[in-house]
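Undergrad: Submitted below is the structure of interest, expressed as structure tokens.
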Amino acid sequence: MDVTQIKHMTFAVRDAEKSLKAYKRLLGVPQATKIQEFAKSRNKAAVFDLGGIEFQITESMDPDGRFAAWIDQRGHEGLHHICFAVEDIDAALAEAQANGATLKECSACKVTGSHVHPEGWVAFLQDEVSGIEIEFMQVYKEGEGGDRPQGV
Ligand SMILES: [Zn+2]
């Protein structure tokens with residue numbers, strides 16, 4: 001498995017604005033950081049760099065949305081998934097599946113397995129490591145991913 005870096009970490013929260021304020025107050029996240037709304041996936045999120053890693057502080061816009069349901073199920077906010085950058089997503093998925101992993105549908109796109117996202121090809125695993133969901137991303141290189149959908 002050729003994980004090259006952590007692409008992002010996504011946290012499920014009930015109130016992204018409140019959470020972002022805490023990151024600004026306690027961890028020095030820039031005051032100019034704003035909450036963005038992602039219509040397609042019905043989420044709002046603060047996305048910022050902290051310690052060289054992209055953080056996504058994400059709140060569902062609907063009570064039964066992906067992140068709201070996750071919080072309800074677990075009973076608390078927390079680290080929802082880690083997205084690991086890989087050199088070759090097809091090879092990474094083949095290796096994971098050869099080792100017993102099962103692919104999970106992307107809740108935003110309703111696609112199972114590798115598919116296009118704004119920043120790269122992504123796929124999710126059904127399998128978790130210690131309660132943390134796994135996403136793989138093969139980040140687009142220059143000239144790749146021209147036919148990609150709007151924000152997720
Ligand atoms: Zn997707």
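Naming works like this for the structure tokens: A, B, ... for the chains as they're shown, residue 1 at the start of each chain, ligands 1 onward in shown order.
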Which residues, written as a PyMOL selection string, have at least one atom at most 12 Å from A:Glu128, with only C-alpha atoms counted and residues fewer than 4 positions away on the same chain left out?

TA: chain A and resi 79-82+96+100-104+124+132-135

Undergrad: Using the selection just defined, write its residues with N, CA and C atoms as a PDB file, in the first residue's frame.

TA:
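Contents of again-v2.pdb, freshly written:
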ATOM      1  N   LEU A  79     -13.990  12.422  14.838  1.00  0.00           N
ATOM      2  CA  LEU A  79     -13.277  12.197  13.573  1.00  0.00           C
ATOM      3  C   LEU A  79     -14.047  11.195  12.723  1.00  0.00           C
ATOM      4  N   HIS A  80     -14.601  11.666  11.628  1.00  0.00           N
ATOM      5  CA  HIS A  80     -15.472  10.860  10.779  1.00  0.00           C
ATOM      6  C   HIS A  80     -14.679   9.987   9.819  1.00  0.00           C
ATOM      7  N   HIS A  81     -13.735  10.574   9.109  1.00  0.00           N
ATOM      8  CA  HIS A  81     -12.871   9.760   8.263  1.00  0.00           C
ATOM      9  C   HIS A  81     -11.544  10.458   7.984  1.00  0.00           C
ATOM     10  N   ILE A  82     -10.571   9.648   7.610  1.00  0.00           N
ATOM     11  CA  ILE A  82      -9.285  10.167   7.147  1.00  0.00           C
ATOM     12  C   ILE A  82      -9.162   9.805   5.679  1.00  0.00           C
ATOM     13  N   ALA A  96      -6.232  -3.521  -1.196  1.00  0.00           N
ATOM     14  CA  ALA A  96      -7.101  -3.548  -0.014  1.00  0.00           C
ATOM     15  C   ALA A  96      -8.127  -4.679  -0.128  1.00  0.00           C
ATOM     16  N   GLY A 100      -9.090  -8.335   1.939  1.00  0.00           N
ATOM     17  CA  GLY A 100     -10.380  -8.534   2.599  1.00  0.00           C
ATOM     18  C   GLY A 100     -11.247  -7.309   2.750  1.00  0.00           C
ATOM     19  N   ALA A 101     -10.834  -6.167   2.208  1.00  0.00           N
ATOM     20  CA  ALA A 101     -11.637  -4.950   2.336  1.00  0.00           C
ATOM     21  C   ALA A 101     -12.851  -4.984   1.414  1.00  0.00           C
ATOM     22  N   THR A 102     -13.903  -4.272   1.824  1.00  0.00           N
ATOM     23  CA  THR A 102     -15.113  -4.122   1.021  1.00  0.00           C
ATOM     24  C   THR A 102     -15.284  -2.643   0.709  1.00  0.00           C
ATOM     25  N   LEU A 103     -15.677  -2.330  -0.517  1.00  0.00           N
ATOM     26  CA  LEU A 103     -15.864  -0.933  -0.898  1.00  0.00           C
ATOM     27  C   LEU A 103     -17.208  -0.419  -0.388  1.00  0.00           C
ATOM     28  N   LYS A 104     -17.245   0.882  -0.137  1.00  0.00           N
ATOM     29  CA  LYS A 104     -18.467   1.524   0.373  1.00  0.00           C
ATOM     30  C   LYS A 104     -18.920   2.591  -0.609  1.00  0.00           C
ATOM     31  N   PHE A 124     -14.206   4.881  -1.039  1.00  0.00           N
ATOM     32  CA  PHE A 124     -14.352   4.654   0.404  1.00  0.00           C
ATOM     33  C   PHE A 124     -14.370   3.163   0.680  1.00  0.00           C
ATOM     34  N   ILE A 132     -12.564   4.568  12.580  1.00  0.00           N
ATOM     35  CA  ILE A 132     -12.319   5.669  11.642  1.00  0.00           C
ATOM     36  C   ILE A 132     -12.447   5.153  10.210  1.00  0.00           C
ATOM     37  N   GLU A 133     -13.363   5.779   9.465  1.00  0.00           N
ATOM     38  CA  GLU A 133     -13.573   5.398   8.075  1.00  0.00           C
ATOM     39  C   GLU A 133     -12.357   5.771   7.228  1.00  0.00           C
ATOM     40  N   ILE A 134     -12.135   4.967   6.185  1.00  0.00           N
ATOM     41  CA  ILE A 134     -10.975   5.153   5.300  1.00  0.00           C
ATOM     42  C   ILE A 134     -11.445   5.612   3.917  1.00  0.00           C
ATOM     43  N   GLU A 135     -10.864   6.716   3.454  1.00  0.00           N
ATOM     44  CA  GLU A 135     -11.066   7.181   2.082  1.00  0.00           C
ATOM     45  C   GLU A 135      -9.700   7.194   1.410  1.00  0.00           C
TER      46      GLU A 135
END

Undergrad: Within 7 Å of ligand 1, which residues show up when you count only C-alpha atoms and all ligand atoms? List them as a list in words, please.

TA: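 My answer, listing the contacting residues, is Cys106, Ser107, Ala108, Cys109, Lys110, Val111, His115, Val116, His117 and Val122 of chain A.
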
Undergrad: Output N, CA and C atoms for every residue in that selection, as a short mmCIF file (atom, residue, chain, number, x, y, z; two decimals), in the first residue's frame.

TA:
data_model
loop_
_atom_site.label_atom_id
_atom_site.label_comp_id
_atom_site.auth_asym_id
_atom_site.auth_seq_id
_atom_site.Cartn_x
_atom_site.Cartn_y
_atom_site.Cartn_z
N CYS A 106 -20.08 6.05 -2.04
CA CYS A 106 -19.89 7.46 -1.71
C CYS A 106 -21.27 8.07 -1.46
N SER A 107 -21.48 8.63 -0.28
CA SER A 107 -22.82 9.11 0.06
C SER A 107 -23.22 10.33 -0.77
N ALA A 108 -22.25 11.07 -1.25
CA ALA A 108 -22.55 12.26 -2.05
C ALA A 108 -22.88 11.87 -3.50
N CYS A 109 -22.13 10.92 -4.06
CA CYS A 109 -22.23 10.60 -5.49
C CYS A 109 -23.01 9.32 -5.75
N LYS A 110 -23.24 8.51 -4.71
CA LYS A 110 -23.91 7.21 -4.87
C LYS A 110 -23.14 6.31 -5.83
N VAL A 111 -21.83 6.36 -5.74
CA VAL A 111 -20.96 5.52 -6.56
C VAL A 111 -20.08 4.70 -5.62
N HIS A 115 -14.06 7.04 -8.26
CA HIS A 115 -14.84 7.96 -9.10
C HIS A 115 -14.31 9.38 -8.90
N VAL A 116 -14.73 10.27 -9.79
CA VAL A 116 -14.16 11.62 -9.79
C VAL A 116 -14.75 12.49 -8.70
N HIS A 117 -13.89 13.21 -8.03
CA HIS A 117 -14.25 14.27 -7.10
C HIS A 117 -13.48 15.52 -7.54
N VAL A 122 -11.58 9.27 -5.94
CA VAL A 122 -11.71 8.83 -4.55
C VAL A 122 -12.51 7.54 -4.47
#

Undergrad: May I have the residues within 8 Å of stretch 49-57 of chain A as a PyMOL selection string, using only C-alpha atoms and disregarding those fewer than 2 positions away in the same chain?

TA: chain A and resi 6-13+16+19-20+29+45-47+59

Undergrad: Can you write just those residues out, N, CA and C atoms, as a PDB file, in the first residue's frame?

TA:
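Output file out_18.pdb follows:
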ATOM      1  N   ILE A   6      -1.535  12.214   4.341  1.00  0.00           N
ATOM      2  CA  ILE A   6      -2.936  12.411   4.712  1.00  0.00           C
ATOM      3  C   ILE A   6      -3.449  13.572   3.880  1.00  0.00           C
ATOM      4  N   LYS A   7      -4.464  13.298   3.056  1.00  0.00           N
ATOM      5  CA  LYS A   7      -5.039  14.350   2.209  1.00  0.00           C
ATOM      6  C   LYS A   7      -5.906  15.272   3.040  1.00  0.00           C
ATOM      7  N   HIS A   8      -6.808  14.677   3.816  1.00  0.00           N
ATOM      8  CA  HIS A   8      -7.599  15.490   4.747  1.00  0.00           C
ATOM      9  C   HIS A   8      -8.166  14.613   5.854  1.00  0.00           C
ATOM     10  N   MET A   9      -8.607  15.271   6.911  1.00  0.00           N
ATOM     11  CA  MET A   9      -9.354  14.615   7.978  1.00  0.00           C
ATOM     12  C   MET A   9     -10.684  15.334   8.083  1.00  0.00           C
ATOM     13  N   THR A  10     -11.757  14.558   8.137  1.00  0.00           N
ATOM     14  CA  THR A  10     -13.094  15.141   8.174  1.00  0.00           C
ATOM     15  C   THR A  10     -13.761  14.823   9.511  1.00  0.00           C
ATOM     16  N   PHE A  11     -14.216  15.869  10.167  1.00  0.00           N
ATOM     17  CA  PHE A  11     -14.855  15.745  11.471  1.00  0.00           C
ATOM     18  C   PHE A  11     -16.350  16.021  11.323  1.00  0.00           C
ATOM     19  N   ALA A  12     -17.152  15.182  11.960  1.00  0.00           N
ATOM     20  CA  ALA A  12     -18.607  15.388  11.981  1.00  0.00           C
ATOM     21  C   ALA A  12     -18.955  16.197  13.220  1.00  0.00           C
ATOM     22  N   VAL A  13     -19.610  17.335  13.001  1.00  0.00           N
ATOM     23  CA  VAL A  13     -20.001  18.189  14.129  1.00  0.00           C
ATOM     24  C   VAL A  13     -21.462  18.619  13.964  1.00  0.00           C
ATOM     25  N   ALA A  16     -20.982  23.648  12.861  1.00  0.00           N
ATOM     26  CA  ALA A  16     -19.671  23.928  12.265  1.00  0.00           C
ATOM     27  C   ALA A  16     -19.157  25.307  12.678  1.00  0.00           C
ATOM     28  N   SER A  19     -17.765  25.080  16.192  1.00  0.00           N
ATOM     29  CA  SER A  19     -16.533  24.305  16.174  1.00  0.00           C
ATOM     30  C   SER A  19     -15.385  25.128  15.584  1.00  0.00           C
ATOM     31  N   LEU A  20     -15.672  25.834  14.488  1.00  0.00           N
ATOM     32  CA  LEU A  20     -14.646  26.662  13.852  1.00  0.00           C
ATOM     33  C   LEU A  20     -14.139  27.734  14.817  1.00  0.00           C
ATOM     34  N   VAL A  29      -6.305  28.935  14.033  1.00  0.00           N
ATOM     35  CA  VAL A  29      -6.826  28.918  12.658  1.00  0.00           C
ATOM     36  C   VAL A  29      -7.189  30.353  12.276  1.00  0.00           C
ATOM     37  N   ALA A  45     -19.250  23.286   5.678  1.00  0.00           N
ATOM     38  CA  ALA A  45     -17.962  22.897   6.233  1.00  0.00           C
ATOM     39  C   ALA A  45     -17.009  24.070   6.306  1.00  0.00           C
ATOM     40  N   ALA A  46     -16.168  24.028   7.333  1.00  0.00           N
ATOM     41  CA  ALA A  46     -14.992  24.888   7.389  1.00  0.00           C
ATOM     42  C   ALA A  46     -13.831  24.022   6.929  1.00  0.00           C
ATOM     43  N   VAL A  47     -13.103  24.487   5.924  1.00  0.00           N
ATOM     44  CA  VAL A  47     -11.969  23.747   5.385  1.00  0.00           C
ATOM     45  C   VAL A  47     -10.728  24.617   5.559  1.00  0.00           C
ATOM     46  N   GLU A  59     -20.815  19.803   8.901  1.00  0.00           N
ATOM     47  CA  GLU A  59     -22.143  19.720   9.528  1.00  0.00           C
ATOM     48  C   GLU A  59     -23.166  19.415   8.443  1.00  0.00           C
TER      49      GLU A  59
END

Undergrad: Write out as a ChimeraX atom specification which residues come within 7 Å of A:Met137 when counting only C-alpha atoms, dropping same-chain ones fewer than 4 positions away.

TA: /A:83-86,89,120-123

Undergrad: Restricting it to C-alpha atoms, dump the selection as a compact mmCIF listing (two decimals), in the first residue's frame.

TA:
# COMPACT_ATOMS: atom_id res chain seq x y z
CA CYS A 83 -8.56 10.56 3.46
CA PHE A 84 -5.25 8.97 2.52
CA ALA A 85 -3.52 10.09 -0.67
CA VAL A 86 -2.24 7.21 -2.79
CA ILE A 89 -6.07 4.36 -6.51
CA GLY A 120 -8.96 13.60 -7.41
CA TRP A 121 -10.32 10.09 -7.84
CA VAL A 122 -11.71 8.83 -4.55
CA ALA A 123 -13.13 5.65 -3.04

Undergrad: Among stretch 4-94 of chain A, which residues does DSSP mark as helix (DSSP H, G or I) when it is run on the backbone? Keep the chain and numbering as in the structure and answer as a PyMOL selection string.

TA: chain A and resi 16-27+66-74+89-94

Undergrad: Using Å and a single decimal, report how far atom CA of A:Glu119 sits from atom CA of A:Gly145.

TA: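 Separation of atom CA of A:Gly145 and atom CA of A:Glu119: 7.8 Å.
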
Undergrad: Which residues are close to stretch 68-76 of chain A, i.e. within 7 Å by only C-alpha atoms, leaving aside same-chain residues fewer than 3 positions away? Reply as a PDB file with C-alpha atoms, in the first residue's frame.

TA:
ATOM      1  CA  ALA A  12     -18.607  15.388  11.981  1.00  0.00           C
ATOM      2  CA  ARG A  14     -23.453  19.501  15.018  1.00  0.00           C
ATOM      3  CA  SER A  60     -25.097  18.167   7.729  1.00  0.00           C
ATOM      4  CA  PRO A  63     -31.310  16.280  10.269  1.00  0.00           C
ATOM      5  CA  ASP A  64     -30.886  12.884   8.576  1.00  0.00           C
ATOM      6  CA  GLY A  65     -27.780  13.885   6.590  1.00  0.00           C
TER       7      GLY A  65
END

Undergrad: Step one, run DSSP on the backbone; step two, keep only residues of chain A assigned to strand (DSSP E); then write them as a ChimeraX atom specification.

TA: /A:3-12,35-38,43-50,53-60,78-86,103-104,115-116,120-129,132-139

Undergrad: Report, in Å to a single decimal, how far apart atom CA of A:Gln138 and atom CA of A:Asp88 are.

TA: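 One can read the atom CA of A:Asp88 to atom CA of A:Gln138 distance as 6.0 Å.
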
Undergrad: What is the distance, in Å and to one decimal place, between atom CA of A:Thr58 and atom CA of A:Ser114?

TA: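 Atom-to-atom, atom CA of A:Thr58 and atom CA of A:Ser114 are spaced 22.4 Å apart.
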
Undergrad: Using only C-alpha atoms, can you tell me which of A:Ser130, A:Gln97, A:Thr33, A:Ser41 comes closest to A:Met1?

TA: A:Gln97
